[in-house]
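Raw contents of protein.txt, compact mmCIF, C-alpha atoms and all ligand atoms:
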```txt
# COMPACT_ATOMS: atom_id res chain seq x y z
CA MET X 1 21.91 -24.16 12.84
CA GLY X 2 20.10 -20.85 12.64
CA SER X 3 17.53 -21.96 15.16
CA SER X 4 20.10 -22.14 17.97
CA GLU X 5 20.99 -18.47 17.57
CA ARG X 6 19.06 -16.36 20.02
CA VAL X 7 19.45 -13.59 22.54
CA HIS X 8 20.00 -14.84 26.10
CA ARG X 9 18.95 -12.61 28.97
CA PHE X 10 20.55 -12.23 32.37
CA ILE X 11 20.07 -10.30 35.59
CA ALA X 12 22.40 -9.59 38.51
CA GLU X 13 21.28 -11.15 41.77
CA ASP X 14 21.61 -7.78 43.52
CA GLY X 15 19.39 -6.15 40.85
CA SER X 16 22.05 -3.64 39.82
CA LEU X 17 22.21 -4.64 36.17
CA ARG X 18 20.65 -6.69 33.45
CA ALA X 19 22.27 -8.09 30.35
CA ALA X 20 21.52 -9.63 26.98
CA ALA X 21 24.01 -11.52 24.84
CA LEU X 22 24.13 -13.61 21.69
CA CYS X 23 26.42 -15.54 19.42
CA ALA X 24 25.01 -15.45 15.89
CA PRO X 25 27.49 -16.09 13.06
CA HIS X 26 24.94 -17.94 10.94
CA ILE X 27 22.44 -15.10 10.55
CA VAL X 28 25.25 -12.61 9.87
CA SER X 29 26.63 -14.80 7.13
CA GLN X 30 23.11 -15.19 5.72
CA MET X 31 22.88 -11.38 5.57
CA GLN X 32 26.28 -11.25 3.86
CA ALA X 33 25.26 -13.77 1.18
CA ILE X 34 21.88 -12.16 0.38
CA ALA X 35 23.36 -8.77 -0.49
CA ASN X 36 26.74 -10.12 -1.65
CA MET X 37 28.35 -7.83 0.91
CA SER X 38 31.98 -6.80 0.89
CA PRO X 39 34.01 -7.68 4.02
CA LEU X 40 33.68 -4.12 5.37
CA ALA X 41 29.92 -4.08 4.70
CA THR X 42 29.58 -7.46 6.45
CA ILE X 43 31.33 -6.16 9.58
CA ALA X 44 29.22 -2.97 9.67
CA GLY X 45 25.91 -4.61 8.74
CA GLY X 46 26.58 -7.53 11.09
CA ARG X 47 27.26 -5.27 14.07
CA CYS X 48 24.10 -3.36 13.23
CA LEU X 49 22.06 -6.58 13.08
CA LEU X 50 23.47 -7.85 16.40
CA GLY X 51 22.86 -4.48 18.08
CA ALA X 52 19.27 -4.31 16.84
CA ALA X 53 18.60 -7.88 18.05
CA LEU X 54 19.93 -7.00 21.52
CA LEU X 55 17.80 -3.84 21.68
CA ALA X 56 14.68 -5.67 20.46
CA SER X 57 15.06 -8.26 23.24
CA ARG X 58 14.68 -5.62 25.95
CA GLN X 59 10.92 -5.37 25.74
CA LYS X 60 8.27 -7.96 25.06
CA ASP X 61 6.38 -7.60 21.77
CA ASP X 62 8.77 -4.97 20.56
CA ARG X 63 9.70 -4.45 16.97
CA LEU X 64 12.28 -1.86 16.21
CA SER X 65 14.44 -0.40 13.52
CA VAL X 66 17.98 0.88 13.82
CA GLN X 67 19.17 3.23 11.13
CA PHE X 68 22.64 4.65 10.61
CA ALA X 69 22.42 7.50 8.11
CA GLY X 70 25.87 8.98 7.64
CA ASN X 71 27.74 10.68 4.81
CA GLY X 72 30.25 7.84 4.42
CA PRO X 73 30.55 5.53 1.40
CA ILE X 74 28.39 2.74 2.86
CA GLY X 75 25.34 5.01 2.72
CA ARG X 76 22.31 4.29 4.86
CA ILE X 77 22.20 1.05 6.90
CA TYR X 78 18.75 0.03 8.05
CA CYS X 79 18.04 -2.93 10.27
CA GLU X 80 14.75 -4.23 11.65
CA SER X 81 14.53 -6.66 14.52
CA ALA X 82 11.60 -7.98 16.51
CA TYR X 83 11.16 -9.63 19.89
CA ASP X 84 10.03 -12.75 18.03
CA GLY X 85 13.48 -12.99 16.37
CA LYS X 86 12.59 -11.77 12.87
CA THR X 87 15.42 -9.66 11.53
CA ARG X 88 16.39 -8.05 8.23
CA VAL X 89 19.02 -5.61 7.02
CA SER X 90 19.48 -3.35 4.02
CA MET X 91 22.22 -0.95 3.10
CA GLU X 92 22.81 1.45 0.26
CA ASN X 93 26.26 0.30 -0.79
CA PRO X 94 26.96 -3.33 0.17
CA GLY X 95 30.06 -3.30 -2.06
CA VAL X 96 31.80 -0.62 0.04
CA ASP X 97 35.56 -0.98 0.41
CA LEU X 98 38.06 1.18 2.31
CA PRO X 99 41.71 0.66 3.26
CA LEU X 100 42.28 -0.88 6.71
CA LYS X 101 42.72 1.64 9.51
CA ASN X 102 45.28 0.65 12.17
CA GLY X 103 44.96 -2.91 10.93
CA SER X 104 41.16 -3.04 11.37
CA PHE X 105 38.14 -2.62 9.12
CA ASP X 106 37.26 1.08 8.98
CA VAL X 107 33.60 0.85 10.01
CA SER X 108 33.63 4.40 11.32
CA GLY X 109 34.98 5.72 8.01
CA ALA X 110 32.37 3.73 6.09
CA LEU X 111 29.55 5.30 8.12
CA GLY X 112 30.88 8.84 8.21
CA ILE X 113 29.20 11.69 10.04
CA GLY X 114 25.45 11.54 10.53
CA LEU X 115 22.58 10.30 12.62
CA LEU X 116 21.52 7.12 14.39
CA THR X 117 17.76 6.72 14.66
CA VAL X 118 16.05 3.99 16.67
CA THR X 119 12.33 3.55 16.15
CA GLN X 120 10.34 1.25 18.43
CA ILE X 121 6.98 -0.08 17.40
CA ALA X 122 4.96 -1.85 20.05
CA LYS X 123 3.00 -4.70 18.49
CA MET X 124 -0.29 -4.48 20.32
CA HIS X 125 -0.88 -0.77 20.26
CA SER X 126 0.81 1.02 17.41
CA GLN X 127 2.40 3.56 19.73
CA SER X 128 5.94 4.06 18.59
CA TYR X 129 8.98 5.71 19.99
CA LYS X 130 11.61 7.42 17.90
CA GLY X 131 14.97 8.64 19.15
CA THR X 132 17.77 10.22 17.16
CA VAL X 133 21.35 10.91 18.22
CA ILE X 134 24.50 11.78 16.32
CA ILE X 135 26.74 8.93 15.21
CA LYS X 136 29.29 9.36 17.97
CA THR X 137 32.15 7.01 17.08
CA GLY X 138 30.79 5.07 14.11
CA GLU X 139 31.80 1.79 15.77
CA ILE X 140 28.08 0.92 16.15
CA GLY X 141 28.25 -0.67 19.63
CA GLU X 142 29.37 2.56 21.27
CA ASP X 143 26.80 4.48 19.25
CA ILE X 144 23.97 2.28 20.55
CA ALA X 145 25.24 2.77 24.12
CA PHE X 146 25.27 6.53 23.48
CA PHE X 147 21.67 6.30 22.25
CA LEU X 148 20.57 4.46 25.43
CA GLN X 149 22.28 7.11 27.56
CA GLN X 150 20.86 10.07 25.66
CA SER X 151 17.34 8.78 25.15
CA PHE X 152 16.70 6.77 28.31
CA GLN X 153 19.48 7.89 30.67
CA ILE X 154 20.58 4.25 30.86
CA PRO X 155 24.31 3.72 31.41
CA SER X 156 25.29 0.71 29.33
CA ILE X 157 28.04 -1.28 27.66
CA VAL X 158 27.36 -2.49 24.13
CA ALA X 159 30.10 -4.65 22.60
CA LEU X 160 29.53 -6.10 19.13
CA GLY X 161 31.91 -8.21 17.10
CA VAL X 162 31.97 -9.78 13.65
CA HIS X 163 35.08 -11.65 12.53
CA LEU X 164 35.91 -12.92 9.05
CA ASP X 165 38.36 -15.66 8.06
CA LYS X 166 40.89 -15.15 5.30
CA ASN X 167 38.27 -16.06 2.69
CA ALA X 168 35.99 -13.30 4.00
CA GLN X 169 33.60 -15.86 5.52
CA VAL X 170 32.03 -15.05 8.90
CA ASN X 171 33.70 -17.27 11.51
CA ALA X 172 32.51 -15.44 14.62
CA ALA X 173 29.77 -12.94 15.42
CA GLY X 174 28.19 -11.94 18.66
CA GLY X 175 27.39 -9.18 21.05
CA VAL X 176 26.56 -8.22 24.58
CA LEU X 177 24.47 -5.42 26.08
CA ILE X 178 24.84 -4.67 29.76
CA GLU X 179 22.64 -1.98 31.28
CA LEU X 180 22.69 -0.62 34.78
CA MET X 181 19.30 -0.65 36.46
CA PRO X 182 17.69 2.25 38.32
CA GLY X 183 19.11 2.37 41.85
CA HIS X 184 22.54 1.05 40.88
CA LYS X 185 25.45 2.28 42.97
CA GLU X 186 28.34 4.42 41.84
CA GLU X 187 30.66 1.47 42.49
CA ASP X 188 28.68 -0.58 39.95
CA VAL X 189 29.54 1.98 37.26
CA LEU X 190 33.18 1.98 38.35
CA ARG X 191 33.46 -1.77 38.38
CA LEU X 192 31.86 -2.04 34.94
CA GLU X 193 34.32 0.51 33.58
CA GLN X 194 37.23 -1.43 35.09
CA ASN X 195 36.00 -4.67 33.56
CA VAL X 196 35.65 -3.01 30.15
CA ALA X 197 39.17 -1.61 30.41
CA LYS X 198 40.72 -5.00 31.11
CA SER X 199 38.50 -7.06 28.80
CA ARG X 200 39.88 -8.80 25.75
CA GLY X 201 38.37 -7.73 22.42
CA ILE X 202 34.97 -9.27 21.79
CA SER X 203 36.06 -10.74 18.43
CA ASP X 204 38.95 -12.55 20.16
CA LEU X 205 36.57 -13.91 22.81
CA LEU X 206 34.18 -15.16 20.14
CA LEU X 207 36.99 -16.75 18.14
CA GLN X 208 38.02 -18.62 21.28
CA GLY X 209 34.52 -20.04 21.41
CA ALA X 210 32.96 -17.77 24.06
CA SER X 211 29.26 -18.41 24.75
CA ALA X 212 26.64 -15.75 25.55
CA ASP X 213 27.27 -16.48 29.25
CA ASP X 214 31.01 -15.97 28.79
CA LEU X 215 30.44 -12.61 27.08
CA VAL X 216 28.34 -11.37 29.99
CA LYS X 217 30.87 -12.66 32.56
CA GLU X 218 33.69 -10.83 30.80
CA PHE X 219 32.08 -7.50 31.73
CA THR X 220 30.32 -8.31 34.99
CA GLY X 221 33.36 -9.95 36.61
CA ASP X 222 32.65 -11.54 39.96
CA LYS X 223 29.08 -10.27 40.24
CA VAL X 224 26.55 -13.09 40.68
CA ILE X 225 24.54 -13.25 37.45
CA LYS X 226 21.46 -15.36 36.81
CA LYS X 227 20.28 -16.41 33.39
CA ILE X 228 16.59 -15.51 33.10
CA ASP X 229 15.58 -16.87 29.74
CA ALA X 230 16.26 -16.82 26.04
CA ALA X 231 14.38 -15.02 23.29
CA GLU X 232 12.93 -16.67 20.20
CA PRO X 233 15.46 -17.94 17.65
CA LEU X 234 16.73 -15.30 15.28
CA ILE X 235 15.56 -15.71 11.72
CA TYR X 236 16.37 -13.65 8.70
CA SER X 237 12.92 -12.77 7.50
CA CYS X 238 11.52 -10.28 5.00
CA HIS X 239 7.89 -9.32 4.46
CA CYS X 240 8.24 -7.79 1.03
CA SER X 241 5.64 -8.43 -1.70
CA LYS X 242 4.88 -7.29 -5.24
CA GLU X 243 2.28 -4.95 -3.80
CA ARG X 244 4.81 -3.28 -1.49
CA VAL X 245 7.28 -2.92 -4.34
CA GLU X 246 4.58 -1.23 -6.44
CA LYS X 247 3.70 1.10 -3.59
CA SER X 248 7.32 2.20 -3.26
CA LEU X 249 7.46 2.86 -7.02
CA VAL X 250 4.41 5.09 -6.75
CA LEU X 251 6.26 7.07 -4.10
CA LEU X 252 9.17 7.58 -6.50
CA GLY X 253 6.80 9.35 -8.88
CA ASP X 254 5.71 9.38 -12.53
CA LYS X 255 9.12 10.04 -14.04
CA GLU X 256 10.73 6.95 -12.53
CA VAL X 257 7.81 4.74 -13.51
CA GLN X 258 7.82 6.11 -17.07
CA ALA X 259 11.56 5.43 -17.30
CA LEU X 260 10.85 1.77 -16.45
CA ILE X 261 8.13 1.59 -19.12
CA ASP X 262 10.48 3.12 -21.72
CA GLN X 263 13.24 0.59 -21.18
CA PRO X 264 13.13 -2.38 -23.60
CA ASP X 265 13.21 -5.13 -20.95
CA MET X 266 10.61 -6.04 -18.37
CA ALA X 267 11.13 -4.04 -15.20
CA GLU X 268 12.98 -6.00 -12.54
CA ILE X 269 12.96 -4.74 -8.97
CA ARG X 270 15.11 -6.43 -6.35
CA CYS X 271 14.29 -6.23 -2.64
CA ASP X 272 17.31 -4.76 -0.80
CA PHE X 273 16.51 -6.77 2.33
CA CYS X 274 16.16 -10.31 0.98
CA GLY X 275 17.20 -10.27 -2.66
CA GLN X 276 13.80 -11.41 -3.95
CA THR X 277 13.27 -10.15 -7.52
CA TYR X 278 9.90 -8.86 -8.70
CA HIS X 279 9.01 -8.56 -12.38
CA LEU X 280 6.64 -5.82 -13.44
CA SER X 281 5.06 -5.81 -16.88
CA ASN X 282 4.29 -2.62 -18.78
CA ASP X 283 0.62 -3.16 -17.89
CA ASP X 284 1.52 -3.25 -14.17
CA LEU X 285 3.54 -0.08 -14.58
CA GLN X 286 0.84 1.73 -16.56
CA MET X 287 -1.53 1.06 -13.69
CA LEU X 288 0.94 2.74 -11.33
CA LEU X 289 1.22 5.70 -13.68
CA SER X 290 -2.49 6.32 -13.64
CA ASP X 291 -2.27 5.97 -9.84
CA THR X 292 0.35 8.69 -9.57
CA SER X 293 -1.24 11.02 -12.11
CA VAL X 294 -4.41 11.20 -10.00
CA HIS X 295 -2.56 13.40 -7.54
ZN ZN M 1 12.34 -8.71 0.75
```
Could you render the structure as structure tokens?
Amino acid sequence: MGSSERVHRFIAEDGSLRAAALCAPHIVSQMQAIANMSPLATIAGGRCLLGAALLASRQKDDRLSVQFAGNGPIGRIYCESAYDGKTRVSMENPGVDLPLKNGSFDVSGALGIGLLTVTQIAKMHSQSYKGTVIIKTGEIGEDIAFFLQQSFQIPSIVALGVHLDKNAQVNAAGGVLIELMPGHKEEDVLRLEQNVAKSRGISDLLLQGASADDLVKEFTGDKVIKKIDAAEPLIYSCHCSKERVEKSLVLLGDKEVQALIDQPDMAEIRCDFCGQTYHLSNDDLQMLLSDTSVH
């Protein structure tokens, strides 16, 4: 099931635009289960995951992170995605709940005011790119489009949708990124805007069984679009380890480590990305203490 979920890439025959699209309910529901996410957290985290996967598909060998750090109740959302399909998500408050706003999940309210940071890490040479913009609407798709405009001067459409059934299970999730290429004409921008204006909501399209091709068509209209290829299958993958957990504890400092030693039970640290639990004995922790006290 998961293996069929991947980003498909397209290009217009006249070279005016390129697109990437995916339908990926399985990986979004995997994310939901790992962190036991509330419905609102699933919508926000899912859109973030889909957006990061679309961005990561733009450049070969890319690995990137997308971080929404706002002052809303969901806290920080952090998502990593790589060209090879490996993806993981963490958020500060996966239990977040807010009243519906105009009948929809209040993703914007959950995020609040703050910053969107995209960090690209090229695999071969460790040169990385980091761009930060304000969270413009808090709807995630529009924020990623704003980032592409501000950081790369690329006009784009980013539509992301996650839909839940009445039992809060993910029954549709997908997204599309359409970017105008250098040399595009003014009428290409106009036509794209017209298509966006008359498009049905992406969640409705997905619920009706739209494929990646259908999502692209919805926004490109009668333009002739060729499918180029598809990226590697998306997999929810975490590279945490006991060593990494210990390193992060050292960063927290002596006081935090001592507090863990003082508690009666064995220290239990849970990875926010994948839910893996690491047990640290008092001996392990003492070692960390002597590490920190060196400084
Ligand atoms: Zn992990």
Legend entry - 12 Å contact set for Leu98 in chain X, only C-alpha atoms, chain neighbours under 2 positions out, as a VMD selection string: chain X and resid 38 to 41 72 to 74 95 to 96 100 to 101 103 to 111
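Considering the residues X:Asn171, X:Thr137, X:Asn102, X:Ser281 and counting all atoms listed in the file, His26 in chain X has its shortest atom-to-atom contact with X:Asn171.
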Legend entry - Distance filter 6 Å around ligand ZN 1 (chain M), atoms: only C-alpha atoms and all ligand atoms, out as a ChimeraX atom specification: /X:238-240,271,273-274,276
Inset, instruction - Around the point (23.7, 3.1, 20.2), in the coordinates given by the file, pick out the residues reaching within 10 Å, counting all atoms listed in the file, and return them as a PyMOL selection string. - result: chain X and resi 48+51-52+55+66+68+116-118+132-151+156-158
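Closest approach to Ala56 in chain X among X:Ala33, X:Leu249, X:Leu180, X:Leu234 is made by X:Leu234 (distances from only C-alpha atoms).
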Inset, instruction - Find the spatial neighbours of Leu206 in chain X, counting all atoms listed in the file, within a cut-off of 10 Å - ignore same-chain residues fewer than 5 positions away - and output them as a list in words. - result: Cys23, Pro25, Gly161, Val162, His163, Asn171, Ala172, Ala173, Gly174, Gly175, Gly201, Ser211, Ala212, Asp214 and Leu215 of chain X
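In this model, the gap between CA of Gln208 in chain X and CA of Thr42 in chain X comes to 20.4 Å.
Counting only C-alpha atoms and comparing X:Leu54, X:Leu17, X:Val7, X:Ala44, the residue that lies closest to Gln32 in chain X is X:Ala44.
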